[in-house]
Structure formats: structure tokens, C-alpha cells
Amino acid sequence: MSAYVAVVGAGMPDAALEQVAEEIGRALGRAGAVVLCGGLSGVMEAACRGCRAEGGTSVGILPGDDRRAANEFVDVALTTGMGEMRNALIVRAADVVVAVGGEYGTLSEVAFALKIGRPVVGYDTWELAKRGGRDDGILRVSSGAEAAAAALRLAAASA
């Protein structure tokens, strides 16, 4: 069975983060993973674009009721009508979450993933307060290739 990897991040990232997200999408698509995201612009669109370029499948879990709101690289657009609450669905559907940069929506996805024990890989993303001397639970990486490799490894370990 394919790994389901959520790639989450800002809807309006800088060009460098967008490039990393596309690199992650390419590597995941090449590996046969299913890329899950919020289906809109920015990191989400870049990950879907990369995934499609390598023949992979992407699923956009949309906040509204209109499938046409999905970015042009989403293969399967699922509407929820739930607004930002759909972030929980993205995380629940994934085997692992990759956070690329991010805004408050990304923070909610990271927090929810950590709460339910879903592995989180982070590239230039939120730094959370450490409690009791523990790390924040995010596996930090320094490249898109490293993020994709870590996500695939963690997904395989949880299967």
C-alpha cells in the first residue's frame, strides 16, 4: 500500500519554500506516495505540481464546497465545507506530515499531528516550546530531498 504523506505549509510562501515543496512533491510522486494537502495555493500547489511531474497522485482536501477551487495540479479534490477545520482531516488521513514553513494553519496541523502521534517532519517550520526537557517532536530536515526520504521512512515504519 502507498504511503500517504501530507505536505502542509503557507498559502503564500516565498519562492525558496515553494521550490522546496515542489522538490518534496517530486520525490514523493517518484516513490509512489499519495500527496495529501489542503488543495489550494503556495506550498500545497507546489507539492502537487512536483508530484504530478513525477506521475504521482495528489489529493486536495478543500475548505469549501467547490472542487473548482483546487489548484490545477490536484488530482482528486475533496470538498469539506469545513473551512480551517479541514486541517484535522488532512492530518488524520496521512501516515506522516511534512511541514514546509507555514502560517497559523500549518501550526494547527503540526499541533494536531503531534497530539495524535502522527510523525512530523519539518523544513523551516514552527519551533514549539519544549516541555520537561523534551524536544518538540518535529524531525528537522535541511532539504526537500531529506524531508521526503524521512517521510517515506517514517510512513513505512508506521505501516
# chains A, B, ... in the order shown; residues from 1 in each chain; ligands from 1
call {"tool": "select_by_dssp", "arguments": {"residues": "chain A", "states": "alpha helix (DSSP H)", "output": "PyMOL selection string"}}
result
chain A and resi 15-30+43-53+86-93+104-116+144-158
call {"tool": "select_by_dssp", "arguments": {"residues": "region 25-93 of chain A", "states": "strand (DSSP E or B)", "output": "PyMOL selection string"}}
result
chain A and resi 34-37+57-62+76-79
call {"tool": "write_last_selection", "arguments": {"atoms": "all heavy atoms", "output": "CSV table (one decimal), in the first residue's frame"}}
result
chain,number,residue,atom,x,y,z
A,34,VAL,N,1.1,8.9,-2.0
A,34,VAL,CA,0.0,9.8,-2.3
A,34,VAL,C,0.3,11.1,-1.5
A,34,VAL,O,0.5,11.0,-0.3
A,34,VAL,CB,-1.3,9.2,-1.9
A,34,VAL,CG1,-2.5,10.1,-2.0
A,34,VAL,CG2,-1.6,7.9,-2.7
A,35,VAL,N,0.2,12.2,-2.2
A,35,VAL,CA,0.4,13.5,-1.5
A,35,VAL,C,-0.9,14.1,-1.1
A,35,VAL,O,-1.8,14.3,-2.0
A,35,VAL,CB,1.2,14.5,-2.4
A,35,VAL,CG1,1.2,15.9,-1.8
A,35,VAL,CG2,2.6,14.0,-2.7
A,36,LEU,N,-1.1,14.4,0.2
A,36,LEU,CA,-2.3,15.0,0.7
A,36,LEU,C,-2.0,16.4,1.0
A,36,LEU,O,-0.9,16.7,1.5
A,36,LEU,CB,-2.7,14.3,2.0
A,36,LEU,CG,-3.0,12.8,1.9
A,36,LEU,CD1,-3.2,12.3,3.3
A,36,LEU,CD2,-4.2,12.5,1.0
A,37,CYS,N,-2.9,17.3,0.8
A,37,CYS,CA,-2.7,18.7,1.2
A,37,CYS,C,-4.1,19.4,1.2
A,37,CYS,O,-5.1,18.8,1.0
A,37,CYS,CB,-1.8,19.4,0.1
A,37,CYS,SG,-2.6,19.6,-1.5
A,57,THR,N,0.2,10.8,-7.5
A,57,THR,CA,-1.2,11.2,-7.2
A,57,THR,C,-1.3,12.2,-6.0
A,57,THR,O,-0.7,11.9,-5.0
A,57,THR,CB,-2.1,10.0,-6.9
A,57,THR,OG1,-2.0,9.1,-8.0
A,57,THR,CG2,-3.5,10.4,-6.6
A,58,SER,N,-2.0,13.3,-6.2
A,58,SER,CA,-2.2,14.2,-5.1
A,58,SER,C,-3.7,14.4,-4.8
A,58,SER,O,-4.6,14.3,-5.7
A,58,SER,CB,-1.7,15.6,-5.5
A,58,SER,OG,-2.3,16.2,-6.6
A,59,VAL,N,-4.0,14.5,-3.5
A,59,VAL,CA,-5.4,14.7,-3.0
A,59,VAL,C,-5.4,16.0,-2.3
A,59,VAL,O,-4.7,16.3,-1.4
A,59,VAL,CB,-5.8,13.6,-2.1
A,59,VAL,CG1,-7.2,13.8,-1.5
A,59,VAL,CG2,-5.7,12.2,-2.8
A,60,GLY,N,-6.4,16.9,-2.7
A,60,GLY,CA,-6.6,18.2,-2.0
A,60,GLY,C,-7.9,18.1,-1.2
A,60,GLY,O,-8.9,17.8,-1.7
A,61,ILE,N,-7.7,18.3,0.1
A,61,ILE,CA,-8.9,18.3,1.0
A,61,ILE,C,-9.2,19.8,1.2
A,61,ILE,O,-8.5,20.5,2.0
A,61,ILE,CB,-8.5,17.6,2.3
A,61,ILE,CG1,-8.2,16.1,2.0
A,61,ILE,CG2,-9.7,17.6,3.3
A,61,ILE,CD1,-7.7,15.3,3.1
A,62,LEU,N,-10.2,20.2,0.5
A,62,LEU,CA,-10.5,21.7,0.4
A,62,LEU,C,-11.4,22.2,1.5
A,62,LEU,O,-12.2,21.5,2.1
A,62,LEU,CB,-11.3,21.9,-0.9
A,62,LEU,CG,-10.5,21.5,-2.2
A,62,LEU,CD1,-11.4,21.4,-3.4
A,62,LEU,CD2,-9.3,22.5,-2.4
A,76,VAL,N,-7.2,14.6,-7.1
A,76,VAL,CA,-8.5,14.3,-6.5
A,76,VAL,C,-8.8,15.5,-5.6
A,76,VAL,O,-8.1,15.7,-4.6
A,76,VAL,CB,-8.4,13.0,-5.7
A,76,VAL,CG1,-9.7,12.7,-5.0
A,76,VAL,CG2,-8.0,11.8,-6.6
A,77,ALA,N,-9.9,16.2,-5.8
A,77,ALA,CA,-10.3,17.3,-5.0
A,77,ALA,C,-11.5,16.9,-4.1
A,77,ALA,O,-12.6,16.5,-4.7
A,77,ALA,CB,-10.7,18.5,-5.9
A,78,LEU,N,-11.4,16.9,-2.8
A,78,LEU,CA,-12.4,16.6,-1.9
A,78,LEU,C,-12.9,17.8,-1.2
A,78,LEU,O,-12.1,18.5,-0.5
A,78,LEU,CB,-11.9,15.6,-0.9
A,78,LEU,CG,-11.4,14.3,-1.4
A,78,LEU,CD1,-10.8,13.4,-0.3
A,78,LEU,CD2,-12.5,13.5,-2.2
A,79,THR,N,-14.2,18.2,-1.3
A,79,THR,CA,-14.7,19.3,-0.6
A,79,THR,C,-15.2,18.9,0.8
A,79,THR,O,-15.6,17.8,1.0
A,79,THR,CB,-15.9,19.9,-1.4
A,79,THR,OG1,-16.9,19.0,-1.5
A,79,THR,CG2,-15.4,20.4,-2.8
call {"tool": "residues_around", "arguments": {"residues": "Val100 (chain A)", "least_positions_apart": "2", "cutoff": "8 Å", "atoms": "only C-alpha atoms", "output": "ChimeraX atom specification"}}
result
/A:7-10,17,20-21,43,98,102,122-125
call {"tool": "closest_residue", "arguments": {"among": "A:Ala69, A:Leu114, A:Ala31, A:Ile24", "to": "Gly50 (chain A)", "atoms": "only C-alpha atoms"}}
result
A:Ile24
call {"tool": "atom_distance", "arguments": {"atom1": "CA of Arg140 (chain A)", "atom2": "CA of Pro63 (chain A)"}}
result
27.9 Å
call {"tool": "closest_residue", "arguments": {"among": "A:Gly11, A:Ala113, A:Val5, A:Ala47", "to": "Ala150 (chain A)", "atoms": "only C-alpha atoms"}}
result
A:Val5
call {"tool": "residues_around", "arguments": {"residues": "Gly117 (chain A)", "least_positions_apart": "6", "cutoff": "12 Å", "atoms": "only C-alpha atoms", "output": "mmCIF file with N, CA and C atoms, in the first residue's frame"}}
result
data_model
loop_
_atom_site.group_PDB
_atom_site.id
_atom_site.type_symbol
_atom_site.label_atom_id
_atom_site.label_comp_id
_atom_site.auth_asym_id
_atom_site.auth_seq_id
_atom_site.Cartn_x
_atom_site.Cartn_y
_atom_site.Cartn_z
ATOM 1 N N VAL A 91 -4.541 15.805 8.408
ATOM 2 C CA VAL A 91 -3.616 15.110 9.306
ATOM 3 C C VAL A 91 -4.083 13.681 9.568
ATOM 4 N N ARG A 92 -5.365 13.500 9.836
ATOM 5 C CA ARG A 92 -5.904 12.167 10.122
ATOM 6 C C ARG A 92 -5.732 11.212 8.945
ATOM 7 N N ALA A 94 -3.317 11.157 6.827
ATOM 8 C CA ALA A 94 -1.906 10.951 6.490
ATOM 9 C C ALA A 94 -1.228 9.950 7.411
ATOM 10 N N ASP A 95 -0.191 9.313 6.865
ATOM 11 C CA ASP A 95 0.691 8.478 7.685
ATOM 12 C C ASP A 95 1.758 9.327 8.359
ATOM 13 N N VAL A 96 2.104 10.432 7.719
ATOM 14 C CA VAL A 96 3.137 11.349 8.217
ATOM 15 C C VAL A 96 2.833 12.734 7.645
ATOM 16 N N VAL A 97 3.232 13.765 8.376
ATOM 17 C CA VAL A 97 3.004 15.148 7.960
ATOM 18 C C VAL A 97 4.357 15.819 7.732
ATOM 19 N N VAL A 110 0.421 20.862 12.521
ATOM 20 C CA VAL A 110 1.545 20.298 13.270
ATOM 21 C C VAL A 110 1.096 19.900 14.671
ATOM 22 N N ALA A 111 0.382 20.792 15.338
ATOM 23 C CA ALA A 111 -0.073 20.516 16.705
ATOM 24 C C ALA A 111 -1.000 19.309 16.742
ATOM 25 N N GLY A 137 9.234 17.267 19.144
ATOM 26 C CA GLY A 137 8.616 16.166 18.418
ATOM 27 C C GLY A 137 8.669 16.287 16.912
ATOM 28 N N ILE A 138 9.255 17.362 16.402
ATOM 29 C CA ILE A 138 9.358 17.561 14.955
ATOM 30 C C ILE A 138 10.746 17.132 14.498
ATOM 31 N N LEU A 154 9.429 7.135 7.773
ATOM 32 C CA LEU A 154 8.515 7.149 8.918
ATOM 33 C C LEU A 154 7.167 6.497 8.564
ATOM 34 N N SER A 158 5.500 3.051 10.303
ATOM 35 C CA SER A 158 4.191 3.052 10.979
ATOM 36 C C SER A 158 3.192 2.134 10.316
#
call {"tool": "closest_residue", "arguments": {"among": "A:Ala151, A:Val141, A:Ala156, A:Gly64", "to": "Gly25 (chain A)", "atoms": "only C-alpha atoms"}}
result
A:Ala151
call {"tool": "closest_residue", "arguments": {"among": "A:Glu23, A:Asp75, A:Asp14, A:Asp135", "to": "Gly55 (chain A)", "atoms": "only C-alpha atoms"}}
result
A:Asp75
call {"tool": "closest_residue", "arguments": {"among": "A:Leu107, A:Met82, A:Val74, A:Ala46", "to": "Gln19 (chain A)", "atoms": "only C-alpha atoms"}}
result
A:Ala46
call {"tool": "atom_distance", "arguments": {"atom1": "CA of Glu18 (chain A)", "atom2": "CA of Cys48 (chain A)"}}
result
11.0 Å
call {"tool": "atom_distance", "arguments": {"atom1": "CA of Met85 (chain A)", "atom2": "CA of Lys130 (chain A)"}}
result
25.6 Å
call {"tool": "residues_around", "arguments": {"residues": "Arg26 (chain A)", "least_positions_apart": "3", "cutoff": "8 Å", "atoms": "only C-alpha atoms", "output": "count of residues only"}}
result
11
call {"tool": "decode", "arguments": {"residues": "region 24-157 of chain A", "atoms": "C-alpha atoms", "output": "short mmCIF file (atom, residue, chain, number, x, y, z; two decimals), in the first residue's frame"}}
result
data_model
loop_
_atom_site.label_atom_id
_atom_site.label_comp_id
_atom_site.auth_asym_id
_atom_site.auth_seq_id
_atom_site.Cartn_x
_atom_site.Cartn_y
_atom_site.Cartn_z
CA ILE A 24 9.26 17.17 -1.84
CA GLY A 25 6.28 16.55 -4.12
CA ARG A 26 8.57 15.27 -6.89
CA ALA A 27 10.35 12.83 -4.59
CA LEU A 28 7.09 11.58 -3.09
CA GLY A 29 5.49 11.19 -6.53
CA ARG A 30 8.54 9.30 -7.80
CA ALA A 31 8.28 6.95 -4.81
CA GLY A 32 4.60 6.25 -5.44
CA ALA A 33 3.35 8.03 -2.33
CA VAL A 34 -0.01 9.81 -2.29
CA VAL A 35 0.45 13.51 -1.52
CA LEU A 36 -2.28 14.99 0.67
CA CYS A 37 -2.72 18.72 1.16
CA GLY A 38 -5.25 21.49 1.57
CA GLY A 39 -5.56 21.75 -2.20
CA LEU A 40 -5.06 25.48 -2.56
CA SER A 41 -2.04 27.67 -3.45
CA GLY A 42 1.54 28.09 -2.26
CA VAL A 43 3.19 25.09 -0.63
CA MET A 44 0.14 22.98 -1.41
CA GLU A 45 0.22 23.81 -5.12
CA ALA A 46 3.99 23.38 -5.37
CA ALA A 47 3.84 19.92 -3.75
CA CYS A 48 1.05 18.86 -6.12
CA ARG A 49 2.93 20.25 -9.12
CA GLY A 50 6.03 18.26 -8.20
CA CYS A 51 4.02 15.12 -7.53
CA ARG A 52 2.26 15.33 -10.88
CA ALA A 53 5.55 15.94 -12.72
CA GLU A 54 6.69 12.51 -11.49
CA GLY A 55 3.43 10.72 -12.26
CA GLY A 56 2.22 10.64 -8.66
CA THR A 57 -1.24 11.23 -7.20
CA SER A 58 -2.25 14.23 -5.11
CA VAL A 59 -5.38 14.71 -3.04
CA GLY A 60 -6.59 18.16 -2.04
CA ILE A 61 -8.86 18.32 1.00
CA LEU A 62 -10.54 21.65 0.41
CA PRO A 63 -12.01 24.05 2.96
CA GLY A 64 -15.09 24.94 0.89
CA ASP A 65 -17.79 23.33 -1.21
CA ASP A 66 -16.39 23.97 -4.70
CA ARG A 67 -13.97 21.47 -6.27
CA ARG A 68 -13.02 24.12 -8.83
CA ALA A 69 -11.20 26.00 -6.03
CA ALA A 70 -8.46 23.35 -6.06
CA ASN A 71 -5.15 24.23 -7.63
CA GLU A 72 -4.67 22.92 -11.17
CA PHE A 73 -2.29 20.15 -10.07
CA VAL A 74 -4.65 18.40 -7.63
CA ASP A 75 -5.70 15.01 -8.99
CA VAL A 76 -8.50 14.32 -6.50
CA ALA A 77 -10.34 17.29 -4.98
CA LEU A 78 -12.44 16.59 -1.89
CA THR A 79 -14.72 19.33 -0.60
CA THR A 80 -15.50 19.59 3.09
CA GLY A 81 -17.35 22.85 3.70
CA MET A 82 -15.41 22.92 6.99
CA GLY A 83 -13.06 25.86 6.48
CA GLU A 84 -9.87 25.56 8.51
CA MET A 85 -11.34 22.66 10.48
CA ARG A 86 -10.46 20.52 7.46
CA ASN A 87 -6.86 20.67 8.72
CA ALA A 88 -7.69 17.85 11.12
CA LEU A 89 -8.90 15.71 8.20
CA ILE A 90 -5.65 16.27 6.31
CA VAL A 91 -3.62 15.11 9.31
CA ARG A 92 -5.90 12.17 10.12
CA ALA A 93 -5.72 10.89 6.53
CA ALA A 94 -1.91 10.95 6.49
CA ASP A 95 0.69 8.48 7.68
CA VAL A 96 3.14 11.35 8.22
CA VAL A 97 3.00 15.15 7.96
CA VAL A 98 5.69 17.29 6.31
CA ALA A 99 5.52 20.96 7.32
CA VAL A 100 7.23 23.43 4.99
CA GLY A 101 7.45 26.90 6.53
CA GLY A 102 3.95 27.81 7.48
CA GLU A 103 1.42 30.13 8.94
CA TYR A 104 -1.17 29.53 11.68
CA GLY A 105 -2.98 26.85 9.66
CA THR A 106 0.28 24.93 9.46
CA LEU A 107 0.75 25.35 13.19
CA SER A 108 -2.67 23.79 13.77
CA GLU A 109 -1.79 20.85 11.53
CA VAL A 110 1.55 20.30 13.27
CA ALA A 111 -0.07 20.52 16.70
CA PHE A 112 -2.86 18.12 15.80
CA ALA A 113 -0.40 15.63 14.29
CA LEU A 114 1.74 15.69 17.43
CA LYS A 115 -1.36 15.34 19.61
CA ILE A 116 -2.48 12.15 17.85
CA GLY A 117 1.02 10.71 17.49
CA ARG A 118 1.42 11.28 13.76
CA PRO A 119 5.10 11.77 12.82
CA VAL A 120 6.00 15.32 11.74
CA VAL A 121 8.92 16.26 9.50
CA GLY A 122 9.73 19.96 9.43
CA TYR A 123 11.59 22.15 6.98
CA ASP A 124 11.98 25.74 8.23
CA THR A 125 8.74 25.44 10.16
CA TRP A 126 7.41 26.31 13.60
CA GLU A 127 9.57 25.84 16.69
CA LEU A 128 7.43 24.75 19.60
CA ALA A 129 8.12 25.23 23.29
CA LYS A 130 9.86 22.27 24.84
CA ARG A 131 8.31 20.80 27.96
CA GLY A 132 10.19 18.76 30.53
CA GLY A 133 13.44 18.97 28.59
CA ARG A 134 12.00 17.03 25.65
CA ASP A 135 12.34 18.12 22.06
CA ASP A 136 9.23 19.41 20.32
CA GLY A 137 8.62 16.17 18.42
CA ILE A 138 9.36 17.56 14.96
CA LEU A 139 12.08 15.85 12.94
CA ARG A 140 14.02 18.80 11.49
CA VAL A 141 15.47 18.48 7.99
CA SER A 142 17.55 20.79 5.82
CA SER A 143 16.38 19.93 2.29
CA GLY A 144 13.37 18.79 0.35
CA ALA A 145 15.06 15.51 -0.54
CA GLU A 146 15.79 14.86 3.13
CA ALA A 147 12.17 15.71 4.04
CA ALA A 148 10.75 13.27 1.50
CA ALA A 149 13.16 10.49 2.48
CA ALA A 150 12.35 10.95 6.17
CA ALA A 151 8.61 11.00 5.48
CA LEU A 152 8.77 7.79 3.46
CA ARG A 153 10.90 6.10 6.13
CA LEU A 154 8.51 7.15 8.92
CA ALA A 155 5.44 6.11 6.91
CA ALA A 156 6.95 2.67 6.29
CA ALA A 157 7.79 2.29 9.97
#
